[in-house]
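As provided, my_file10.tsv (TSV, C-alpha atoms and all ligand atoms) reads as follows.
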chain	number	residue	atom	x	y	z
A	1	MET	CA	-128.98	108.96	-100.83
A	2	ASP	CA	-129.64	107.53	-104.23
A	3	VAL	CA	-128.68	103.86	-104.54
A	4	THR	CA	-128.69	101.47	-107.51
A	5	VAL	CA	-128.41	97.71	-107.00
A	6	VAL	CA	-126.49	96.01	-109.81
A	7	ILE	CA	-126.98	92.27	-110.35
A	8	PRO	CA	-124.85	90.42	-112.92
A	9	THR	CA	-126.69	87.30	-114.08
A	10	LEU	CA	-126.17	84.30	-116.30
A	11	ASN	CA	-128.96	81.71	-116.31
A	12	GLU	CA	-130.28	82.45	-112.83
A	13	GLU	CA	-134.01	81.94	-113.38
A	14	GLU	CA	-134.34	79.95	-110.15
A	15	ALA	CA	-133.28	82.74	-107.85
A	16	ILE	CA	-133.36	86.04	-109.72
A	17	GLY	CA	-137.05	86.82	-109.04
A	18	GLU	CA	-136.62	86.67	-105.30
A	19	VAL	CA	-133.41	88.73	-105.41
A	20	VAL	CA	-134.86	91.52	-107.56
A	21	GLU	CA	-138.06	91.62	-105.54
A	22	GLY	CA	-136.13	91.80	-102.28
A	23	PHE	CA	-134.43	95.00	-103.36
A	24	ALA	CA	-137.25	96.53	-105.41
A	25	LYS	CA	-139.78	96.34	-102.59
A	26	ARG	CA	-137.36	98.19	-100.33
A	27	GLY	CA	-137.36	101.05	-102.81
A	28	PHE	CA	-134.04	100.43	-104.54
A	29	ARG	CA	-133.48	100.91	-108.24
A	30	VAL	CA	-132.35	97.55	-109.66
A	31	LEU	CA	-130.22	97.01	-112.76
A	32	VAL	CA	-129.73	93.45	-113.99
A	33	ILE	CA	-126.80	93.10	-116.36
A	34	ASP	CA	-127.28	89.84	-118.14
A	35	GLY	CA	-124.77	87.68	-119.98
A	36	ASN	CA	-127.30	86.59	-122.61
A	37	SER	CA	-129.05	83.99	-120.42
A	38	LYS	CA	-130.66	81.13	-122.24
A	39	ASP	CA	-133.42	80.75	-119.63
A	40	ARG	CA	-136.13	83.11	-118.34
A	41	THR	CA	-133.80	85.25	-116.21
A	42	ARG	CA	-134.40	88.51	-118.09
A	43	GLU	CA	-138.16	88.10	-118.26
A	44	ILE	CA	-138.49	87.34	-114.56
A	45	ALA	CA	-136.18	90.21	-113.62
A	46	ARG	CA	-138.28	92.66	-115.64
A	47	GLU	CA	-141.50	91.33	-114.15
A	48	LYS	CA	-140.17	91.93	-110.66
A	49	GLY	CA	-139.26	95.52	-111.47
A	50	ALA	CA	-135.65	95.53	-112.64
A	51	GLU	CA	-134.19	97.38	-115.58
A	52	VAL	CA	-132.44	94.75	-117.70
A	53	VAL	CA	-129.42	95.30	-119.93
A	54	ILE	CA	-127.60	92.66	-121.94
A	55	GLN	CA	-123.85	92.99	-121.54
A	56	SER	CA	-121.87	93.73	-124.69
A	57	GLY	CA	-119.07	91.26	-123.92
A	58	LYS	CA	-118.53	88.12	-121.88
A	59	GLY	CA	-117.85	87.30	-118.24
A	60	LYS	CA	-118.90	88.67	-114.85
A	61	GLY	CA	-116.00	91.15	-114.85
A	62	GLN	CA	-116.98	92.66	-118.17
A	63	ALA	CA	-120.61	92.88	-117.01
A	64	VAL	CA	-119.62	94.72	-113.82
A	65	ALA	CA	-117.35	97.13	-115.71
A	66	GLU	CA	-120.19	97.92	-118.11
A	67	ALA	CA	-122.65	98.47	-115.26
A	68	PHE	CA	-120.20	100.93	-113.65
A	69	GLU	CA	-120.42	103.02	-116.82
A	70	ILE	CA	-124.21	102.92	-117.05
A	71	VAL	CA	-125.07	103.70	-113.41
A	72	ASP	CA	-124.80	107.22	-112.03
A	73	SER	CA	-126.10	106.93	-108.42
A	74	ASP	CA	-124.31	108.12	-105.26
A	75	ILE	CA	-123.93	104.52	-104.16
A	76	LEU	CA	-123.82	101.31	-106.18
A	77	VAL	CA	-124.55	97.98	-104.54
A	78	LEU	CA	-123.18	94.91	-106.27
A	79	VAL	CA	-124.82	91.58	-105.56
A	80	ASP	CA	-125.01	88.15	-107.20
A	81	GLY	CA	-128.26	86.96	-108.74
A	82	ASP	CA	-128.08	83.43	-107.34
A	83	GLY	CA	-129.92	84.13	-104.07
A	84	THR	CA	-126.90	83.57	-101.84
A	85	TYR	CA	-127.07	87.06	-100.28
A	86	LEU	CA	-129.93	88.61	-98.30
A	87	PRO	CA	-131.47	91.86	-99.62
A	88	GLU	CA	-132.52	92.86	-96.09
A	89	GLU	CA	-128.86	92.99	-95.07
A	90	VAL	CA	-128.08	95.71	-97.62
A	91	TYR	CA	-128.38	98.38	-94.90
A	92	ARG	CA	-125.36	96.92	-93.13
A	93	LEU	CA	-123.33	97.65	-96.27
A	94	LEU	CA	-124.74	101.15	-96.73
A	95	GLU	CA	-124.27	102.23	-93.12
A	96	PRO	CA	-120.46	102.75	-93.08
A	97	ILE	CA	-120.65	104.81	-96.30
A	98	LYS	CA	-123.49	106.97	-94.99
A	99	GLU	CA	-121.62	107.56	-91.77
A	100	GLY	CA	-118.60	108.66	-93.78
A	101	GLY	CA	-116.31	105.90	-92.51
A	102	ALA	CA	-115.82	103.98	-95.76
A	103	ASP	CA	-115.77	104.33	-99.54
A	104	HIS	CA	-116.12	100.63	-100.32
A	105	VAL	CA	-117.86	98.11	-98.07
A	106	ILE	CA	-117.46	94.34	-98.42
A	107	GLY	CA	-119.95	91.87	-96.95
A	108	ASN	CA	-117.90	89.26	-95.09
A	109	ARG	CA	-119.45	85.84	-95.71
A	110	PHE	CA	-117.34	84.05	-93.16
A	111	ALA	CA	-119.32	85.77	-90.41
A	112	SER	CA	-122.23	83.38	-90.88
A	113	PHE	CA	-122.64	80.91	-93.70
A	114	GLU	CA	-125.22	78.21	-94.18
A	115	LYS	CA	-124.04	74.63	-94.34
A	116	GLY	CA	-123.25	73.83	-97.98
A	117	ALA	CA	-123.01	77.50	-99.02
A	118	PHE	CA	-119.30	76.94	-99.64
A	119	THR	CA	-118.24	73.61	-101.08
A	120	ARG	CA	-115.23	72.27	-99.21
A	121	LEU	CA	-112.97	73.18	-102.13
A	122	ASN	CA	-114.39	76.71	-102.32
A	123	LEU	CA	-113.94	77.21	-98.58
A	124	ILE	CA	-110.30	76.15	-98.65
A	125	GLY	CA	-109.66	78.09	-101.85
A	126	ASN	CA	-111.22	81.24	-100.42
A	127	LYS	CA	-109.22	81.01	-97.20
A	128	LEU	CA	-105.98	80.42	-99.09
A	129	LEU	CA	-106.56	83.28	-101.53
A	130	ASN	CA	-107.43	85.65	-98.69
A	131	MET	CA	-104.29	84.59	-96.85
A	132	PHE	CA	-102.19	85.14	-99.96
A	133	PHE	CA	-103.82	88.53	-100.38
A	134	ARG	CA	-103.04	89.61	-96.80
A	135	LEU	CA	-99.45	88.48	-97.21
A	136	ALA	CA	-98.97	90.20	-100.55
A	137	TYR	CA	-100.66	93.48	-99.68
A	138	GLY	CA	-100.31	93.70	-95.93
A	139	VAL	CA	-103.99	94.68	-95.67
A	140	GLU	CA	-106.18	93.01	-93.08
A	141	LEU	CA	-109.20	91.81	-95.11
A	142	ARG	CA	-110.98	88.50	-94.61
A	143	ASP	CA	-113.26	88.10	-97.62
A	144	ILE	CA	-111.93	89.85	-100.70
A	145	LEU	CA	-113.93	87.60	-103.07
A	146	SER	CA	-117.35	88.39	-101.63
A	147	GLY	CA	-120.04	89.19	-104.20
A	148	TYR	CA	-121.95	91.61	-101.94
A	149	ARG	CA	-120.49	95.11	-101.87
A	150	ALA	CA	-121.38	98.77	-101.74
A	151	LEU	CA	-119.30	101.38	-103.55
A	152	LYS	CA	-119.34	105.13	-103.53
A	153	LYS	CA	-119.65	106.83	-106.89
A	154	GLU	CA	-116.08	108.12	-106.71
A	155	VAL	CA	-114.88	104.55	-106.32
A	156	TYR	CA	-116.88	102.83	-109.03
A	157	LYS	CA	-116.25	105.64	-111.50
A	158	SER	CA	-112.50	105.63	-110.97
A	159	VAL	CA	-111.47	101.98	-110.65
A	160	GLU	CA	-110.00	100.48	-113.80
A	161	LEU	CA	-111.31	96.98	-114.45
A	162	THR	CA	-109.44	95.00	-117.08
A	163	LYS	CA	-110.24	91.37	-116.19
A	164	PRO	CA	-113.26	89.78	-117.86
A	165	GLY	CA	-114.18	87.00	-115.42
A	166	PHE	CA	-114.26	86.11	-111.75
A	167	GLU	CA	-111.10	88.13	-111.09
A	168	VAL	CA	-113.36	91.16	-110.83
A	169	GLU	CA	-113.65	91.14	-107.01
A	170	THR	CA	-109.88	90.98	-106.62
A	171	GLU	CA	-109.35	93.78	-109.07
A	172	LEU	CA	-112.02	95.92	-107.41
A	173	THR	CA	-110.39	95.44	-104.02
A	174	VAL	CA	-106.86	96.18	-105.21
A	175	GLU	CA	-107.88	99.17	-107.34
A	176	THR	CA	-109.79	100.66	-104.41
A	177	LEU	CA	-106.73	100.37	-102.17
A	178	ALA	CA	-104.31	101.60	-104.82
A	179	LYS	CA	-106.42	104.71	-105.40
A	180	GLY	CA	-106.34	105.48	-101.69
A	181	PHE	CA	-109.99	104.71	-100.85
A	182	ARG	CA	-111.04	103.11	-97.57
A	183	ILE	CA	-112.42	99.57	-97.44
A	184	VAL	CA	-114.46	98.27	-94.52
A	185	GLU	CA	-115.86	94.76	-94.02
A	186	VAL	CA	-119.20	94.07	-92.36
A	187	PRO	CA	-120.58	90.66	-91.38
A	188	ILE	CA	-123.30	89.23	-93.61
A	189	THR	CA	-125.09	85.93	-94.12
A	190	TYR	CA	-124.17	83.61	-96.97
A	191	ARG	CA	-126.71	81.08	-98.20
A	192	LYS	CA	-126.58	77.98	-100.30
A	193	ARG	CA	-126.93	78.57	-104.00
A	194	GLY	CA	-130.05	77.85	-106.06
A	195	GLY	CA	-129.31	76.88	-109.65
A	196	LYS	CA	-126.01	75.94	-111.19
A	197	THR	CA	-122.68	77.60	-110.40
A	198	LYS	CA	-120.81	79.47	-113.14
A	199	LEU	CA	-117.56	79.18	-111.23
A	200	ASN	CA	-114.96	76.57	-112.05
A	201	PRO	CA	-113.16	76.35	-108.69
A	202	LEU	CA	-109.78	75.19	-109.97
A	203	ARG	CA	-109.53	77.26	-113.13
A	204	ASP	CA	-111.00	80.41	-111.60
A	205	GLY	CA	-109.18	79.94	-108.30
A	206	PHE	CA	-105.92	79.79	-110.20
A	207	ARG	CA	-106.81	82.87	-112.22
A	208	ILE	CA	-107.68	84.77	-109.05
A	209	GLY	CA	-104.37	83.78	-107.44
A	210	LYS	CA	-102.53	84.94	-110.53
A	211	THR	CA	-104.43	88.21	-110.48
A	212	ILE	CA	-103.54	88.84	-106.82
A	213	TYR	CA	-99.90	88.40	-107.79
A	214	GLU	CA	-100.06	90.47	-110.98
A	215	LEU	CA	-101.87	93.38	-109.39
A	216	MET	CA	-99.20	93.74	-106.73
A	217	SER	CA	-97.47	96.08	-109.14
A	218	ARG	CA	-100.45	98.44	-109.08
A	219	TYR	CA	-100.61	98.61	-105.31
A	220	SER	CA	-97.00	98.13	-104.32
A	221	PRO	CA	-94.69	98.14	-107.36
A	222	ALA	CA	-91.67	97.80	-105.12
A	223	ARG	CA	-92.46	94.28	-104.04
A	224	TYR	CA	-91.21	92.93	-107.36
A	225	LEU	CA	-87.93	94.76	-106.90
A	226	TYR	CA	-87.54	93.39	-103.37
A	227	ILE	CA	-87.95	89.84	-104.63
A	228	PHE	CA	-85.38	90.25	-107.42
A	229	GLY	CA	-83.00	92.06	-105.08
A	230	LEU	CA	-83.26	89.23	-102.60
A	231	ILE	CA	-82.53	86.62	-105.29
A	232	PHE	CA	-79.36	88.51	-106.31
A	233	ILE	CA	-78.19	88.81	-102.72
A	234	ILE	CA	-78.76	85.12	-102.04
A	235	ALA	CA	-76.84	84.20	-105.22
A	236	GLY	CA	-74.03	86.51	-104.08
A	237	LEU	CA	-73.94	84.93	-100.63
A	238	ILE	CA	-73.72	81.43	-102.07
A	239	SER	CA	-70.93	82.24	-104.55
A	240	GLY	CA	-69.23	84.36	-101.87
A	241	ALA	CA	-69.25	81.50	-99.37
A	242	PHE	CA	-67.70	79.26	-102.01
A	243	VAL	CA	-64.95	81.81	-102.84
A	244	VAL	CA	-64.05	82.26	-99.17
A	245	TYR	CA	-64.08	78.52	-98.50
A	246	GLU	CA	-61.75	77.81	-101.42
A	247	TRP	CA	-59.53	80.72	-100.43
A	248	PHE	CA	-58.87	78.96	-97.13
A	249	LEU	CA	-57.82	75.94	-99.18
A	250	ARG	CA	-55.39	78.30	-100.97
A	251	ILE	CA	-57.39	78.40	-104.20
A	252	THR	CA	-58.28	81.90	-105.39
A	253	HIS	CA	-61.23	82.56	-107.74
A	254	TYR	CA	-60.80	86.09	-109.06
A	255	LEU	CA	-63.64	86.07	-111.54
A	256	LEU	CA	-66.10	84.51	-109.16
A	257	ALA	CA	-65.10	87.01	-106.49
A	258	ILE	CA	-65.92	89.88	-108.86
A	259	LEU	CA	-69.19	88.24	-109.79
A	260	THR	CA	-70.04	87.85	-106.10
A	261	ALA	CA	-69.49	91.55	-105.52
A	262	LEU	CA	-71.66	92.38	-108.54
A	263	PHE	CA	-74.47	90.11	-107.33
A	264	ILE	CA	-74.56	91.69	-103.93
A	265	ILE	CA	-74.26	95.28	-105.16
A	266	THR	CA	-76.99	94.72	-107.73
A	267	GLY	CA	-79.23	93.10	-105.11
A	268	VAL	CA	-78.78	95.94	-102.65
A	269	GLN	CA	-79.43	98.48	-105.39
A	270	LEU	CA	-82.64	96.77	-106.46
A	271	ILE	CA	-83.88	96.86	-102.89
A	272	MET	CA	-82.97	100.54	-102.59
A	273	PHE	CA	-84.85	101.31	-105.81
A	274	GLY	CA	-87.73	99.37	-104.34
A	275	LEU	CA	-87.73	101.46	-101.20
A	276	ILE	CA	-87.76	104.64	-103.27
A	277	ALA	CA	-90.51	103.35	-105.55
A	278	ASP	CA	-92.57	102.37	-102.52
A	279	PHE	CA	-92.06	105.75	-100.95
A	280	ILE	CA	-93.12	107.61	-104.10
A	281	PHE	CA	-96.12	105.36	-104.59
A	282	ARG	CA	-97.32	105.62	-101.03
A	283	SER	CA	-96.92	109.39	-100.88
A	284	ASN	CA	-98.97	109.50	-104.04
A	285	VAL	CA	-101.75	107.49	-102.39
A	286	GLU	CA	-101.58	109.71	-99.29
A	287	PHE	CA	-101.69	112.77	-101.51
A	288	ARG	CA	-104.81	111.56	-103.26
A	289	LYS	CA	-106.45	110.81	-99.91
A	290	GLU	CA	-105.62	114.28	-98.64
A	291	LEU	CA	-106.95	115.91	-101.80
A	292	ARG	CA	-110.16	113.97	-101.48
A	293	ARG	CA	-110.59	115.01	-97.86
A	294	LEU	CA	-110.01	118.61	-98.85
A	295	ARG	CA	-112.52	118.44	-101.65
A	296	GLU	CA	-115.10	116.88	-99.35
A	297	ALA	CA	-114.55	119.57	-96.74
A	298	MET	CA	-114.96	122.25	-99.40
A	299	GLU	CA	-118.15	120.65	-100.68
A	300	VAL	CA	-119.64	120.58	-97.19
A	301	GLU	CA	-118.77	124.25	-96.77
A	302	GLY	CA	-120.22	125.04	-100.19
A	303	LYS	CA	-123.54	123.45	-99.21
A	304	GLY	CA	-123.64	125.51	-96.02
A	305	ASP	CA	-123.70	128.80	-97.95
B	1	LIG	N1	-123.60	89.10	-116.72
B	1	LIG	C1	-122.92	88.01	-116.36
B	1	LIG	N2	-123.07	87.48	-115.13
B	1	LIG	C2	-122.37	86.37	-114.81
B	1	LIG	C3	-121.47	85.74	-115.71
B	1	LIG	N3	-120.93	84.66	-115.09
B	1	LIG	C4	-121.48	84.62	-113.85
B	1	LIG	N4	-122.34	85.64	-113.69
B	1	LIG	C5	-123.14	85.97	-112.51
B	1	LIG	O1	-122.27	86.36	-111.48
B	1	LIG	C6	-122.78	85.96	-110.22
B	1	LIG	C7	-121.75	85.12	-109.51
B	1	LIG	O2	-121.56	83.88	-110.17
B	1	LIG	P1	-121.59	82.51	-109.38
B	1	LIG	O3	-121.70	81.39	-110.35
B	1	LIG	O4	-122.63	82.59	-108.32
B	1	LIG	O5	-120.14	82.48	-108.75
B	1	LIG	P2	-119.75	82.38	-107.22
B	1	LIG	O6	-120.75	83.08	-106.38
B	1	LIG	O7	-118.36	82.84	-107.13
B	1	LIG	O8	-119.78	80.81	-106.99
B	1	LIG	P3	-120.85	79.89	-106.21
B	1	LIG	O9	-120.36	79.82	-104.80
B	1	LIG	O10	-120.82	78.58	-106.89
B	1	LIG	O11	-122.18	80.55	-106.30
B	1	LIG	C8	-124.07	85.20	-110.51
B	1	LIG	O12	-125.17	86.06	-110.34
B	1	LIG	C9	-123.90	84.79	-111.96
B	1	LIG	O13	-125.13	84.63	-112.62
B	1	LIG	C10	-121.33	86.33	-117.01
B	1	LIG	O14	-120.58	85.87	-117.86
B	1	LIG	N5	-122.07	87.45	-117.28
B	2	MG	MG	-122.73	82.56	-106.15
Could you quickly redo this structure as structure tokens?
Ligand SMILES: Nc1nc2c(ncn2[C@@H]2O[C@H](COP(=O)(O)OP(=O)(O)OP(=O)(O)O)[C@@H](O)[C@H]2O)c(=O)[nH]1
Ligand SMILES: [Mg+2]
Amino acid sequence: MDVTVVIPTLNEEEAIGEVVEGFAKRGFRVLVIDGNSKDRTREIAREKGAEVVIQSGKGKGQAVAEAFEIVDSDILVLVDGDGTYLPEEVYRLLEPIKEGGADHVIGNRFASFEKGAFTRLNLIGNKLLNMFFRLAYGVELRDILSGYRALKKEVYKSVELTKPGFEVETELTVETLAKGFRIVEVPITYRKRGGKTKLNPLRDGFRIGKTIYELMSRYSPARYLYIFGLIFIIAGLISGAFVVYEWFLRITHYLLAILTALFIITGVQLIMFGLIADFIFRSNVEFRKELRRLREAMEVEGKGD
């Protein structure tokens, strides 16, 4: 299968040579998408055999989105240029796709990471964001922010990336799930970084958390409705309890009683709409999956002729 390795870089002269070489000598085509580095990153990358493109906009997310347009291989491997991931482990990521068991493979860094590869803040932040993700989406993934991934052409050509920066991994994960593709995680090694980080843990961590929340509407639009429905019902229960309590004291609140009924009816309705929205959305995802399976089966048959 034809594979292109995409490496987004911004001032990574310390590590980029080793990374490009690691993939190039194993026969992979390498595309470096550079954010206008002020050091020798582009020169070194070219020397080691990469094709180098300067991104048209700003941020890792924009660079990745642009690379997805340029590349046309069966599989695209995405990896950072800071030397934290091992080129020789790329086969672990390719395997599940080749075997037909996955459309998008994530390298799970928590499997084995070098001391100092995560700062303490990054480790806690990563764990928290993954936990939040599992809670919000109900999908059992351990390392959604990993920078080492393999994607089938269908996936990288159909995901819609709108975020410019470090929200890109979150968006990639959510879009893959929302479009009905299968994600698999495989254990990989994570090494300590050479060169300076481009990540601002607090600012970017916050943005990623916000993105996980915002994108819930793409994957499970109903969850918003559930939350609002629940708020209405709780408000209704509180005002209702008050009305009943006062009624026992022989004080009757007509208006508040009506309001209570409205709160609870509205809340229940919102939750019902949510259930319907969820049902429609999920059948849609199932439908896409089924269509894809059908198309694949037809392609296999077509090749047999
Ligand atoms: N093209 C491009 N690449 C970028 C940009 N910002 C960061 N990168 C690259 O994206 C990759 C990931 O960035 P890192 O700074 O390593 O972020 P991180 O891996 O989340 O954080 P660390 O754990 O500190 O390494 C690196 O190869 C960066 O050079 C950008 O604006 N444009
Ligand atoms: Mg890094």
message: What does the list of residues within 9 Å of ligand LIG 1 (chain B) look like if you count only C-alpha atoms and all ligand atoms, written as a VMD selection string?
response: chain A and resid 7 to 12 16 32 to 37 54 to 55 57 to 64 79 to 84 117 to 119 122 145 to 147 164 to 166 192 to 201 204
query: Excluding same-chain residues fewer than 3 positions from Gly205 in chain A, what lies within 12 Å of it counting only C-alpha atoms, as JSON, numbers by chain?
result: {"A": [121, 122, 123, 124, 125, 126, 127, 128, 129, 130, 145, 165, 166, 167, 170, 199, 200, 201, 202, 208, 209, 210, 211, 212]}
message: Report, in Å to a single decimal, how far apart CA of Tyr85 in chain A and CA of Thr162 in chain A are.
response: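 Separation between CA of Thr162 in chain A and CA of Tyr85 in chain A: 25.6 Å.
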- request: Figure out the distance between CA of Ile276 in chain A and CA of Phe232 in chain A, please, to one decimal in Å.
  value: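 Computing it gives 18.4 Å between the two atoms.
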- prompt: Skipping near chain neighbours, those fewer than 6 positions away, what residues fall within 7 Å of Leu270 in chain A using all atoms listed in the file, listed as a VMD selection string?
  reply: chain A and resid 225 to 226 229
message: Env of Ala65 in chain A: 10 Å cut, atoms = all atoms listed in the file, seq-sep filter 6 positions within chain, self excluded. Answer as a list of chain:residue names.
response: A:Gln55, A:Tyr156, A:Lys157, A:Val159, A:Glu160, A:Leu161, A:Thr162, A:Lys163, A:Pro164, A:Val168, A:Leu172
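Each of A:Phe110, A:Tyr91, A:Phe28, A:Tyr148 was compared to ligand MG 2 (chain B) using all atoms listed in the file, and A:Tyr148 turns out to be the nearest.
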- request: List the neighbours of Glu21 in chain A out to 9 Å using all atoms listed in the file; skip same-chain residues closer than 6 positions along the sequence, and give me the result as a ChimeraX atom specification.
  value: /A:45,48-50,87
